[in-house]
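Data file: entry33.pdb. Format and content: PDB, C-alpha atoms.
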```pdb
ATOM      1  CA  PRO A  10      17.258 -12.517   8.337
ATOM      2  CA  ALA A  11      17.917  -9.389   6.355
ATOM      3  CA  ALA A  12      14.858  -7.841   4.745
ATOM      4  CA  GLY A  13      16.605  -5.621   2.230
ATOM      5  CA  PRO A  14      17.126  -5.750  -1.516
ATOM      6  CA  GLY A  15      18.062  -8.873  -3.412
ATOM      7  CA  PRO A  16      21.444  -9.561  -4.971
ATOM      8  CA  ALA A  17      23.005  -6.980  -7.268
ATOM      9  CA  LEU A  18      22.842  -7.397 -11.019
ATOM     10  CA  ALA A  19      25.725  -8.977 -12.817
ATOM     11  CA  ALA A  20      28.148  -6.548 -14.447
ATOM     12  CA  GLY A  21      26.788  -5.003 -17.627
ATOM     13  CA  PRO A  22      25.971  -1.720 -19.324
ATOM     14  CA  GLY A  23      23.135  -0.983 -16.871
ATOM     15  CA  ARG A  24      20.981   2.130 -16.940
ATOM     16  CA  ASP A  25      22.006   5.698 -17.565
ATOM     17  CA  PRO A  26      21.149   7.291 -14.188
ATOM     18  CA  ALA A  27      20.664  10.769 -15.630
ATOM     19  CA  VAL A  28      18.204   9.559 -18.263
ATOM     20  CA  TYR A  29      16.400   7.318 -15.814
ATOM     21  CA  LEU A  30      16.069   9.982 -13.116
ATOM     22  CA  ALA A  31      14.731  12.468 -15.667
ATOM     23  CA  ALA A  32      12.070   9.929 -16.656
ATOM     24  CA  LEU A  33      11.203   9.305 -12.995
ATOM     25  CA  ARG A  34      10.732  13.021 -12.355
ATOM     26  CA  ALA A  35       8.607  13.509 -15.465
ATOM     27  CA  CYS A  36       6.476  10.489 -14.596
ATOM     28  CA  GLN A  37       6.089  11.711 -11.025
ATOM     29  CA  ARG A  38       4.703  15.037 -12.296
ATOM     30  CA  ASP A  39       2.274  13.247 -14.588
ATOM     31  CA  LEU A  40       1.171  10.894 -11.818
ATOM     32  CA  ARG A  41       0.557  13.745  -9.404
ATOM     33  CA  ALA A  42      -1.787  15.459 -11.874
ATOM     34  CA  PHE A  43      -3.598  12.194 -12.638
ATOM     35  CA  ILE A  44      -4.063  11.305  -8.971
ATOM     36  CA  ASP A  45      -5.374  14.793  -8.210
ATOM     37  CA  GLU A  46      -7.958  14.429 -10.961
ATOM     38  CA  GLU A  47      -9.003  10.828 -10.339
ATOM     39  CA  ASN A  48      -8.759  10.727  -6.517
ATOM     40  CA  CYS A  49      -7.267   7.266  -6.868
ATOM     41  CA  HIS A  50      -4.656   7.530  -4.107
ATOM     42  CA  PRO A  51      -5.688   4.394  -2.150
ATOM     43  CA  ILE A  52      -5.719   1.880  -4.988
ATOM     44  CA  LEU A  53      -2.256   2.935  -6.197
ATOM     45  CA  ILE A  54      -0.883   2.590  -2.666
ATOM     46  CA  ARG A  55      -2.505  -0.825  -2.340
ATOM     47  CA  LEU A  56      -0.985  -1.931  -5.650
ATOM     48  CA  ALA A  57       2.509  -0.893  -4.544
ATOM     49  CA  TRP A  58       2.191  -2.603  -1.184
ATOM     50  CA  HIS A  59       0.817  -5.812  -2.653
ATOM     51  CA  ASP A  60       3.719  -6.000  -5.107
ATOM     52  CA  SER A  61       6.359  -5.598  -2.389
ATOM     53  CA  GLY A  62       4.432  -7.377   0.375
ATOM     54  CA  THR A  63       4.992 -10.862  -1.051
ATOM     55  CA  PHE A  64       8.620 -10.772   0.160
ATOM     56  CA  ASP A  65       9.906 -13.765   2.119
ATOM     57  CA  ALA A  66      13.101 -12.898   4.007
ATOM     58  CA  SER A  67      14.034 -16.579   4.293
ATOM     59  CA  LEU A  68      14.495 -16.560   0.501
ATOM     60  CA  ALA A  69      16.229 -13.173   0.359
ATOM     61  CA  HIS A  70      19.150 -14.471  -1.704
ATOM     62  CA  ASP A  71      16.961 -16.316  -4.208
ATOM     63  CA  TRP A  72      15.639 -13.667  -6.589
ATOM     64  CA  PRO A  73      12.882 -13.579  -7.734
ATOM     65  CA  ALA A  74      11.593 -16.518  -5.676
ATOM     66  CA  CYS A  75      11.838 -14.249  -2.632
ATOM     67  CA  GLY A  76       9.014 -12.090  -4.016
ATOM     68  CA  GLY A  77       8.852  -8.393  -3.293
ATOM     69  CA  ALA A  78       8.973  -5.210  -5.361
ATOM     70  CA  ASN A  79       9.750  -6.699  -8.762
ATOM     71  CA  GLY A  80       6.670  -5.783 -10.826
ATOM     72  CA  SER A  81       5.229  -9.299 -10.833
ATOM     73  CA  ILE A  82       1.798  -8.025  -9.806
ATOM     74  CA  ARG A  83       1.260  -6.723 -13.356
ATOM     75  CA  PHE A  84       0.703 -10.284 -14.566
ATOM     76  CA  ALA A  85      -2.800 -11.772 -14.664
ATOM     77  CA  LYS A  86      -1.668 -14.802 -12.664
ATOM     78  CA  GLU A  87      -0.829 -12.685  -9.615
ATOM     79  CA  LEU A  88      -3.718 -10.271 -10.071
ATOM     80  CA  ALA A  89      -5.984 -13.325  -9.754
ATOM     81  CA  HIS A  90      -4.829 -13.933  -6.179
ATOM     82  CA  GLY A  91      -7.722 -13.338  -3.801
ATOM     83  CA  ALA A  92      -5.955 -10.555  -1.888
ATOM     84  CA  ASN A  93      -5.473  -8.634  -5.146
ATOM     85  CA  ALA A  94      -9.151  -8.402  -6.090
ATOM     86  CA  GLY A  95      -9.802  -5.121  -7.883
ATOM     87  CA  LEU A  96      -6.155  -4.268  -8.557
ATOM     88  CA  LYS A  97      -6.392  -4.810 -12.309
ATOM     89  CA  LYS A  98      -7.949  -1.337 -12.325
ATOM     90  CA  ALA A  99      -4.734   0.100 -10.882
ATOM     91  CA  ILE A 100      -2.620  -1.618 -13.545
ATOM     92  CA  LEU A 101      -4.902  -0.173 -16.222
ATOM     93  CA  TYR A 102      -4.412   3.257 -14.676
ATOM     94  CA  LEU A 103      -0.633   2.865 -14.958
ATOM     95  CA  GLU A 104      -0.373   1.374 -18.449
ATOM     96  CA  PRO A 105      -0.415   4.790 -20.217
ATOM     97  CA  PHE A 106       2.368   5.997 -17.907
ATOM     98  CA  LYS A 107       4.450   2.936 -18.788
ATOM     99  CA  GLU A 108       3.920   3.646 -22.479
ATOM    100  CA  GLN A 109       4.869   7.309 -22.111
ATOM    101  CA  HIS A 110       7.866   6.649 -19.834
ATOM    102  CA  ALA A 111       8.930   3.332 -21.321
ATOM    103  CA  VAL A 112      12.445   3.403 -19.857
ATOM    104  CA  LEU A 113      11.018   2.909 -16.349
ATOM    105  CA  SER A 114      10.583  -0.589 -14.987
ATOM    106  CA  TRP A 115       7.130  -1.699 -13.928
ATOM    107  CA  ALA A 116       8.495  -2.290 -10.430
ATOM    108  CA  ASP A 117       9.629   1.338 -10.190
ATOM    109  CA  LEU A 118       6.461   2.730 -11.764
ATOM    110  CA  ILE A 119       4.320   0.855  -9.247
ATOM    111  CA  GLN A 120       6.340   2.070  -6.252
ATOM    112  CA  LEU A 121       6.573   5.602  -7.642
ATOM    113  CA  ALA A 122       2.805   5.719  -8.050
ATOM    114  CA  GLY A 123       2.281   4.562  -4.476
ATOM    115  CA  ALA A 124       4.754   7.068  -3.042
ATOM    116  CA  THR A 125       3.304   9.887  -5.148
ATOM    117  CA  ALA A 126      -0.214   9.022  -3.997
ATOM    118  CA  LEU A 127       0.886   9.084  -0.353
ATOM    119  CA  ALA A 128       2.496  12.490  -0.753
ATOM    120  CA  ALA A 129      -0.546  13.846  -2.595
ATOM    121  CA  ALA A 130      -2.724  12.796   0.344
ATOM    122  CA  GLY A 131      -0.497  14.677   2.780
ATOM    123  CA  GLY A 132       1.713  11.779   3.773
ATOM    124  CA  PRO A 133       5.422  11.989   4.564
ATOM    125  CA  ALA A 134       8.144  11.913   1.939
ATOM    126  CA  SER A 135       9.592   8.443   2.425
ATOM    127  CA  PRO A 136      13.314   8.044   1.609
ATOM    128  CA  MET A 137      12.668   6.084  -1.570
ATOM    129  CA  ARG A 138      15.193   4.842  -4.105
ATOM    130  CA  TYR A 139      14.620   3.615  -7.636
ATOM    131  CA  GLY A 140      16.225   1.411 -10.257
ATOM    132  CA  ARG A 141      14.257  -1.781  -9.570
ATOM    133  CA  VAL A 142      14.518  -4.614 -12.078
ATOM    134  CA  ASP A 143      11.372  -6.350 -13.361
ATOM    135  CA  VAL A 144      10.659 -10.035 -13.472
ATOM    136  CA  GLU A 145      10.003 -11.081 -17.048
ATOM    137  CA  SER A 146       7.084 -13.498 -16.965
ATOM    138  CA  GLU A 147       4.254 -14.791 -14.823
ATOM    139  CA  THR A 148       6.260 -17.943 -14.117
ATOM    140  CA  GLN A 149       8.226 -15.723 -11.717
ATOM    141  CA  CYS A 150       5.171 -14.623  -9.719
ATOM    142  CA  PRO A 151       5.158 -15.574  -6.021
ATOM    143  CA  PRO A 152       2.747 -18.201  -4.718
ATOM    144  CA  GLU A 153      -0.612 -17.078  -3.399
ATOM    145  CA  GLY A 154      -1.004 -16.655   0.349
ATOM    146  CA  ARG A 155       1.826 -14.303   1.312
ATOM    147  CA  LEU A 156      -0.327 -11.197   1.838
ATOM    148  CA  PRO A 157      -2.232 -10.461   5.061
ATOM    149  CA  GLY A 158      -5.851 -11.371   5.536
ATOM    150  CA  ALA A 159      -8.397  -9.155   7.262
ATOM    151  CA  ALA A 160     -10.396 -11.588   9.366
ATOM    152  CA  PRO A 161     -10.383 -15.225  10.507
ATOM    153  CA  PRO A 162     -10.162 -17.931   9.396
ATOM    154  CA  PHE A 163      -6.690 -16.976   8.202
ATOM    155  CA  ASP A 164      -5.129 -18.892   5.324
ATOM    156  CA  ASP A 165      -1.910 -19.464   7.283
ATOM    157  CA  GLY A 166      -3.768 -21.177  10.137
ATOM    158  CA  SER A 167      -3.102 -18.413  12.652
ATOM    159  CA  PRO A 168      -5.364 -18.767  15.701
ATOM    160  CA  ASP A 169      -5.904 -15.001  16.032
ATOM    161  CA  ALA A 170      -5.322 -11.723  14.243
ATOM    162  CA  ALA A 171      -2.233 -10.679  16.231
ATOM    163  CA  THR A 172      -0.489 -13.964  15.449
ATOM    164  CA  HIS A 173      -1.408 -13.620  11.785
ATOM    165  CA  LEU A 174      -0.009 -10.093  11.542
ATOM    166  CA  ARG A 175       3.262 -11.171  13.141
ATOM    167  CA  ARG A 176       3.590 -14.190  10.872
ATOM    168  CA  VAL A 177       2.971 -12.209   7.684
ATOM    169  CA  PHE A 178       4.941  -9.069   8.496
ATOM    170  CA  GLY A 179       7.569 -10.931  10.471
ATOM    171  CA  ARG A 180       8.279 -12.970   7.348
ATOM    172  CA  MET A 181       9.127  -9.675   5.672
ATOM    173  CA  GLY A 182      11.335  -8.574   8.572
ATOM    174  CA  PHE A 183       9.097  -6.029  10.327
ATOM    175  CA  SER A 184       8.929  -5.388  14.076
ATOM    176  CA  ASP A 185       5.727  -4.944  16.095
ATOM    177  CA  ALA A 186       6.078  -1.147  16.008
ATOM    178  CA  GLU A 187       6.609  -1.204  12.236
ATOM    179  CA  ILE A 188       3.494  -3.358  11.815
ATOM    180  CA  VAL A 189       1.440  -0.788  13.713
ATOM    181  CA  ALA A 190       2.987   2.108  11.764
ATOM    182  CA  LEU A 191       2.237   0.487   8.399
ATOM    183  CA  SER A 192      -1.306  -0.282   9.538
ATOM    184  CA  GLY A 193      -1.800   3.467   9.814
ATOM    185  CA  ALA A 194      -2.099   3.549   6.031
ATOM    186  CA  HIS A 195      -5.698   2.499   6.672
ATOM    187  CA  THR A 196      -6.336   6.164   7.325
ATOM    188  CA  LEU A 197      -6.674   6.105   3.523
ATOM    189  CA  GLY A 198      -9.030   4.079   1.407
ATOM    190  CA  ARG A 199     -12.024   1.824   1.689
ATOM    191  CA  ALA A 200     -13.050  -1.817   1.599
ATOM    192  CA  PHE A 201     -15.635  -3.054  -0.907
ATOM    193  CA  LYS A 202     -17.976  -6.012  -0.953
ATOM    194  CA  GLU A 203     -16.772  -6.878  -4.457
ATOM    195  CA  ARG A 204     -13.090  -6.923  -3.404
ATOM    196  CA  SER A 205     -12.309  -8.090   0.120
ATOM    197  CA  GLY A 206     -15.892  -9.108   0.884
ATOM    198  CA  THR A 207     -15.411  -7.921   4.477
ATOM    199  CA  VAL A 208     -18.133  -5.250   4.264
ATOM    200  CA  ALA A 209     -21.695  -5.031   2.992
ATOM    201  CA  GLU A 210     -21.014  -1.816   1.078
ATOM    202  CA  GLY A 211     -20.048  -2.139  -2.571
ATOM    203  CA  TYR A 212     -19.514  -0.027  -5.653
ATOM    204  CA  GLY A 213     -21.681   2.997  -6.343
ATOM    205  CA  ARG A 214     -23.399   5.948  -4.722
ATOM    206  CA  GLU A 215     -26.228   3.940  -3.197
ATOM    207  CA  ALA A 216     -23.937   1.306  -1.733
ATOM    208  CA  GLY A 217     -21.729   3.577   0.353
ATOM    209  CA  THR A 218     -21.795   5.119   3.814
ATOM    210  CA  ARG A 219     -22.278   8.770   4.661
ATOM    211  CA  TYR A 220     -18.502   9.108   4.352
ATOM    212  CA  THR A 221     -18.215   7.440   0.941
ATOM    213  CA  ARG A 222     -21.221   8.919  -0.827
ATOM    214  CA  PRO A 223     -20.843  12.212  -2.707
ATOM    215  CA  GLY A 224     -22.499  15.289  -1.335
ATOM    216  CA  GLY A 225     -22.050  15.008   2.395
ATOM    217  CA  ASN A 226     -18.329  14.440   2.879
ATOM    218  CA  ARG A 227     -15.108  15.915   1.483
ATOM    219  CA  PRO A 228     -12.433  13.301   2.217
ATOM    220  CA  ARG A 229      -9.530  14.987   0.404
ATOM    221  CA  ALA A 230      -6.623  16.420   2.389
ATOM    222  CA  ASP A 231      -7.100  19.833   0.748
ATOM    223  CA  GLY A 232     -10.844  19.865   1.400
ATOM    224  CA  ALA A 233     -11.619  20.096  -2.293
ATOM    225  CA  ASP A 234     -14.610  18.330  -3.779
ATOM    226  CA  GLY A 235     -14.134  14.854  -5.215
ATOM    227  CA  MET A 236     -13.736  11.298  -4.036
ATOM    228  CA  GLY A 237     -13.442   9.211  -7.178
ATOM    229  CA  MET A 238     -15.700   6.193  -7.429
ATOM    230  CA  PRO A 239     -18.293   6.320  -4.647
ATOM    231  CA  GLY A 240     -19.146   3.421  -2.365
ATOM    232  CA  GLY A 241     -17.478   1.035   0.037
ATOM    233  CA  ARG A 242     -16.709   1.598   3.706
ATOM    234  CA  SER A 243     -13.730   3.599   4.972
ATOM    235  CA  TRP A 244     -11.689   3.335   8.164
ATOM    236  CA  THR A 245     -11.765   7.111   8.670
ATOM    237  CA  GLU A 246     -13.987  10.037   7.797
ATOM    238  CA  ARG A 247     -11.430  11.841   5.602
ATOM    239  CA  TRP A 248     -10.153   8.776   3.793
ATOM    240  CA  LEU A 249      -8.171  10.681   1.146
ATOM    241  CA  ALA A 250      -6.199  12.597   3.800
ATOM    242  CA  PHE A 251      -3.094  10.998   5.322
ATOM    243  CA  ASP A 252      -2.834  11.678   9.055
ATOM    244  CA  ASN A 253      -3.070   9.717  12.310
ATOM    245  CA  ALA A 254      -6.882   9.534  12.302
ATOM    246  CA  TYR A 255      -6.728   5.730  12.101
ATOM    247  CA  TYR A 256      -5.382   5.740  15.661
ATOM    248  CA  THR A 257      -7.653   8.428  17.026
ATOM    249  CA  GLY A 258     -10.972   6.973  15.972
ATOM    250  CA  GLY A 259     -11.423   8.359  12.491
ATOM    251  CA  GLY A 260     -11.896  11.817  13.941
ATOM    252  CA  ALA A 261     -13.878  10.778  17.035
ATOM    253  CA  GLY A 262     -10.904  10.945  19.417
ATOM    254  CA  GLY A 263      -9.395   8.197  21.538
ATOM    255  CA  ALA A 264      -8.609   4.578  20.705
ATOM    256  CA  ARG A 265     -11.589   3.283  18.765
ATOM    257  CA  PRO A 266     -13.429   0.215  20.027
ATOM    258  CA  ALA A 267     -15.115  -2.059  17.522
ATOM    259  CA  GLY A 268     -18.472  -0.674  16.488
ATOM    260  CA  ALA A 269     -17.915   2.858  17.830
ATOM    261  CA  ASP A 270     -19.191   4.208  14.517
ATOM    262  CA  PRO A 271     -21.077   1.600  12.487
ATOM    263  CA  GLU A 272     -20.282   3.456   9.271
ATOM    264  CA  LEU A 273     -16.519   3.231   9.792
ATOM    265  CA  LEU A 274     -14.568   0.058   9.155
ATOM    266  CA  TRP A 275     -12.832  -1.808  11.979
ATOM    267  CA  LEU A 276     -11.613  -5.335  11.234
ATOM    268  CA  PRO A 277     -10.198  -8.020  13.542
ATOM    269  CA  THR A 278      -6.689  -7.147  12.349
ATOM    270  CA  ASP A 279      -7.352  -3.523  13.337
ATOM    271  CA  ALA A 280      -8.735  -4.493  16.726
ATOM    272  CA  ALA A 281      -5.649  -6.623  17.406
ATOM    273  CA  LEU A 282      -3.559  -3.458  17.439
ATOM    274  CA  THR A 283      -5.472  -2.241  20.509
ATOM    275  CA  THR A 284      -5.803  -5.546  22.367
ATOM    276  CA  ASP A 285      -2.311  -7.029  22.000
ATOM    277  CA  PRO A 286      -0.078  -5.334  24.623
ATOM    278  CA  SER A 287       2.942  -4.823  22.365
ATOM    279  CA  PHE A 288       0.895  -3.529  19.455
ATOM    280  CA  ARG A 289      -1.155  -1.313  21.787
ATOM    281  CA  ARG A 290       1.896   0.573  23.044
ATOM    282  CA  ALA A 291       2.743   1.705  19.511
ATOM    283  CA  PHE A 292      -0.917   2.340  18.672
ATOM    284  CA  GLU A 293      -1.361   4.666  21.656
ATOM    285  CA  ARG A 294       1.918   6.439  20.900
ATOM    286  CA  TYR A 295       0.816   7.200  17.339
ATOM    287  CA  ALA A 296      -2.600   8.393  18.561
ATOM    288  CA  ALA A 297      -0.905  10.878  20.881
ATOM    289  CA  HIS A 298       2.077  11.870  18.731
ATOM    290  CA  PRO A 299       1.266  12.402  15.041
ATOM    291  CA  ALA A 300       4.812  13.547  14.237
ATOM    292  CA  ALA A 301       6.202  10.269  15.597
ATOM    293  CA  PHE A 302       3.741   8.361  13.429
ATOM    294  CA  MET A 303       4.742  10.265  10.315
ATOM    295  CA  ALA A 304       8.455   9.666  10.924
ATOM    296  CA  ASP A 305       8.060   5.973  11.729
ATOM    297  CA  PHE A 306       5.691   5.436   8.835
ATOM    298  CA  ALA A 307       8.096   7.039   6.363
ATOM    299  CA  SER A 308      10.885   4.729   7.505
ATOM    300  CA  ALA A 309       8.738   1.576   7.421
ATOM    301  CA  HIS A 310       7.271   2.502   4.041
ATOM    302  CA  ALA A 311      10.715   2.935   2.469
ATOM    303  CA  LYS A 312      11.723  -0.447   3.890
ATOM    304  CA  LEU A 313       8.587  -2.070   2.459
ATOM    305  CA  ALA A 314       9.215  -0.544  -0.970
ATOM    306  CA  ASP A 315      12.739  -2.041  -1.044
ATOM    307  CA  LEU A 316      11.767  -5.578  -0.085
ATOM    308  CA  GLY A 317      13.029  -8.149  -2.554
ATOM    309  CA  ALA A 318      14.055  -5.482  -5.053
ATOM    310  CA  ARG A 319      17.048  -5.985  -7.337
ATOM    311  CA  PHE A 320      18.503  -2.635  -8.320
ATOM    312  CA  ASP A 321      20.354  -1.370 -11.411
ATOM    313  CA  PRO A 322      22.598   0.381 -10.501
ATOM    314  CA  PRO A 323      23.094  -1.932  -7.500
ATOM    315  CA  GLY A 324      22.666   0.795  -4.875
ATOM    316  CA  GLY A 325      19.583   2.273  -6.472
ATOM    317  CA  MET A 326      18.911   5.935  -7.225
ATOM    318  CA  PRO A 327      17.334   8.388  -4.769
ATOM    319  CA  LEU A 328      14.787  10.705  -6.312
TER     320      LEU A 328
END
```

Structure encoded using structure tokens:
Amino acid sequence: PAAGPGPALAAGPGRDPAVYLAALRACQRDLRAFIDEENCHPILIRLAWHDSGTFDASLAHDWPACGGANGSIRFAKELAHGANAGLKKAILYLEPFKEQHAVLSWADLIQLAGATALAAAGGPASPMRYGRVDVESETQCPPEGRLPGAAPPFDDGSPDAATHLRRVFGRMGFSDAEIVALSGAHTLGRAFKERSGTVAEGYGREAGTRYTRPGGNRPRADGADGMGMPGGRSWTERWLAFDNAYYTGGGAGGARPAGADPELLWLPTDAALTTDPSFRRAFERYAAHPAAFMADFASAHAKLADLGARFDPPGGMPL
């Protein structure tokens, strides 16, 4: 089934594109400065992906039951879902931007923040469009269980990680190659004991690895000092720099086997990308060809950001 935007709005006055685009551009400038100061790229990307990643293509013509990029993650009911642990912090980051640029929908603000964070980390400029319409109350939040898990046992009953990835991302309409491309976003960010519970490392300087403690590592793409809140465990050494390091071993070179560096994260869902034959073909291609990864990621990211979105005007607005 189609994995694109939901039905168009009924006829009405709609938004003034010129006013809305001006607000988007102003907000984008403000976000870029904030992200540069706070080094909060990963959590804003995670927020955007968890808002859009609830999309169910089988319900594509039933908005907002289909889920997707509709701003529902701002509600406490959805933030309480297990996969969203820690994301209230990201909403709190964005609340002042919503107040200052009130004309923007929450759905657009969330996706704009994610796209801006990716670009600030050195990622590609995805062909994004804006004009998303918000759901109005937590009664319109999707059910829990639509987002991917990291390790078995999986909530959907999948017998292994590869099956789980295909069930979750296939429900959204993604191919095997797109699943591997989107997984490359793990070049950014960390896992925390207090959030996913998949690692022993938690919040704070003393709880991190040599890559996530201040003083010994500069993870930013520009090499500048700063990493935001210390702690947790990252997938890569430079976990605020967007590149293909996820596929090349976090800087070590070659496809990374589990446990190659005990201070880097490697989950069962990561390992599945190197053991499943179809996933492995894309994984090896992105390890060898960073430009191909960037291009495929940009396309898959734009598709993810559109999932389940209802646009006003109906075709959206490129920025």

Using all atoms listed in the file, find the one residue out of A:Asp252, A:Asp279, A:Asp117, A:Asp234 that sits nearest to Ala296 in chain A.
A:Asp252

Of the candidates A:Tyr212, A:Tyr220, A:Ala314, A:Ser146, which one gets nearest to Gly123 in chain A if we count all atoms listed in the file?
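Looking at the shortest contact to Gly123 in chain A, the residue is A:Ala314.
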
Between CA of Ala31 in chain A and CA of Gly62 in chain A, distance in Å (one decimal):
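Value for the CA of Ala31 in chain A-CA of Gly62 in chain A distance: 27.5 Å.
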
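Interatomic distance, CA of Gly206 in chain A against CA of Ala269 in chain A: 20.8 Å.
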
Using all atoms listed in the file, what does the table of range 132-238 of chain A residues within 10 Å of range 306-309 of chain A look like, with each row giving the shortest atom pair and its distance in Å to one decimal, sorted by chain and ascending number, as a tab-separated table?
```
residue	atom	partner	partner_atom	distance
A:Gly132	CA	A:Ala307	CA	8.4
A:Pro133	CA	A:Ala307	CA	5.9
A:Ala134	CA	A:Ala307	CA	6.6
A:Ser135	CA	A:Ala307	CA	4.4
A:Pro136	CA	A:Ala307	CA	7.1
A:Met137	CA	A:Ala307	CA	9.2
A:Phe183	CA	A:Ala309	CA	8.1
A:Ser184	CA	A:Ala309	CA	9.6
A:Ala186	CA	A:Ala309	CA	9.4
A:Glu187	CA	A:Ala309	CA	6.0
A:Ile188	CA	A:Ala309	CA	8.4
A:Val189	CA	A:Phe306	CA	9.0
A:Ala190	CA	A:Phe306	CA	5.2
A:Leu191	CA	A:Phe306	CA	6.1
A:Ser192	CA	A:Phe306	CA	9.1
A:Gly193	CA	A:Phe306	CA	7.8
A:Ala194	CA	A:Phe306	CA	8.5
```

Written file, previous selection with C-alpha atoms, as a short mmCIF file (atom, residue, chain, number, x, y, z; two decimals), keeping the file's coordinate frame:
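Result file out.cif:
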```
data_model
loop_
_atom_site.label_atom_id
_atom_site.label_comp_id
_atom_site.auth_asym_id
_atom_site.auth_seq_id
_atom_site.Cartn_x
_atom_site.Cartn_y
_atom_site.Cartn_z
CA GLY A 132 1.71 11.78 3.77
CA PRO A 133 5.42 11.99 4.56
CA ALA A 134 8.14 11.91 1.94
CA SER A 135 9.59 8.44 2.42
CA PRO A 136 13.31 8.04 1.61
CA MET A 137 12.67 6.08 -1.57
CA PHE A 183 9.10 -6.03 10.33
CA SER A 184 8.93 -5.39 14.08
CA ALA A 186 6.08 -1.15 16.01
CA GLU A 187 6.61 -1.20 12.24
CA ILE A 188 3.49 -3.36 11.82
CA VAL A 189 1.44 -0.79 13.71
CA ALA A 190 2.99 2.11 11.76
CA LEU A 191 2.24 0.49 8.40
CA SER A 192 -1.31 -0.28 9.54
CA GLY A 193 -1.80 3.47 9.81
CA ALA A 194 -2.10 3.55 6.03
#
```

Quote the spacing between CA of Ala200 in chain A and CA of His173 in chain A in Å to one decimal place.
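For CA of Ala200 in chain A relative to CA of His173 in chain A, the distance reads 19.5 Å.
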
From A:Ala318, A:Ala297, A:Cys150, A:Leu249, residue lying nearest Lys86 in chain A [all atoms listed in the file]:
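Once distances to Lys86 in chain A are computed over all atoms listed in the file, the minimum belongs to A:Cys150.
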
Just want the 12 Å neighbourhood of Gly224 in chain A, counted on only C-alpha atoms, with same-chain residues fewer than 5 positions away dropped. Output as a ChimeraX atom specification.
/A:214,217-219,233-236,239

What does the file look like for those residues with C-alpha atoms, as a CSV table (one decimal), keeping the file's coordinate frame?
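Saved to out-v6.csv:
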```csv
chain,number,residue,atom,x,y,z
A,214,ARG,CA,-23.4,5.9,-4.7
A,217,GLY,CA,-21.7,3.6,0.4
A,218,THR,CA,-21.8,5.1,3.8
A,219,ARG,CA,-22.3,8.8,4.7
A,233,ALA,CA,-11.6,20.1,-2.3
A,234,ASP,CA,-14.6,18.3,-3.8
A,235,GLY,CA,-14.1,14.9,-5.2
A,236,MET,CA,-13.7,11.3,-4.0
A,239,PRO,CA,-18.3,6.3,-4.6
```

Skipping near chain neighbours, those fewer than 4 positions away, what residues fall within 12 Å of Gly237 in chain A using all atoms listed in the file, listed as a PyMOL selection string?
chain A and resi 43-52+198-199+212-214+221-223+227-229+241+248-249

Give me the residues near Leu113 in chain A as a PyMOL selection string, where near means some atom within 8 Å (using only C-alpha atoms) and where sequence neighbours in that chain fewer than 4 positions away do not count.
chain A and resi 29+32-33+107+117-118

Care to translate the PyMOL selection byres ((chain A and resi 64-67) around 12) into actual residues of this file, as a ChimeraX atom specification?
/A:10-15,58-63,68-79,81,150-157,176-183,312-318

How would you write, as a PDB file with C-alpha atoms, keeping the file's coordinate frame, the residues chosen by the PyMOL selection byres ((chain A and resi 92) around 8) on this structure?
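The result, stored in result-v4.pdb:
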```
ATOM      1  CA  HIS A  90      -4.829 -13.933  -6.179  1.00  0.00           C
ATOM      2  CA  GLY A  91      -7.722 -13.338  -3.801  1.00  0.00           C
ATOM      3  CA  ASN A  93      -5.473  -8.634  -5.146  1.00  0.00           C
ATOM      4  CA  ALA A  94      -9.151  -8.402  -6.090  1.00  0.00           C
ATOM      5  CA  LEU A 156      -0.327 -11.197   1.838  1.00  0.00           C
ATOM      6  CA  PRO A 157      -2.232 -10.461   5.061  1.00  0.00           C
ATOM      7  CA  GLY A 158      -5.851 -11.371   5.536  1.00  0.00           C
ATOM      8  CA  SER A 205     -12.309  -8.090   0.120  1.00  0.00           C
TER       9      SER A 205
END
```

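With all atoms listed in the file as the atoms that count, the residue of A:Leu88, A:Ala122, A:Ala42, A:Leu276 with the shortest distance to Trp244 in chain A is A:Leu276.
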
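In terms of minimum interatomic distance to Arg204 in chain A, A:Ala89 ranks closest within A:Asp305, A:Ala89, A:Pro168, A:Arg294, counting only C-alpha atoms.
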
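Checking A:Gln37, A:Asn226, A:Ser167, A:Thr207 one by one against Phe106 in chain A, counting all atoms listed in the file, you find the shortest gap at A:Gln37.
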
Hey, could you pull the box centre and edge lengths for range 163-173 of chain A, axis-aligned, 8 Å padding per side, all listed atoms, to one decimal in Å, as AutoDock Vina command-line options?
```
--center_x -3.6 --center_y -15.9 --center_z 10.8 --size_x 22.2 --size_y 26.5 --size_z 26.9
```

Mind telling me what the PyMOL selection byres ((chain A and resi 324) around 10) catches here, as a PyMOL selection string?
chain A and resi 14+17+138-141+319-323+325-327
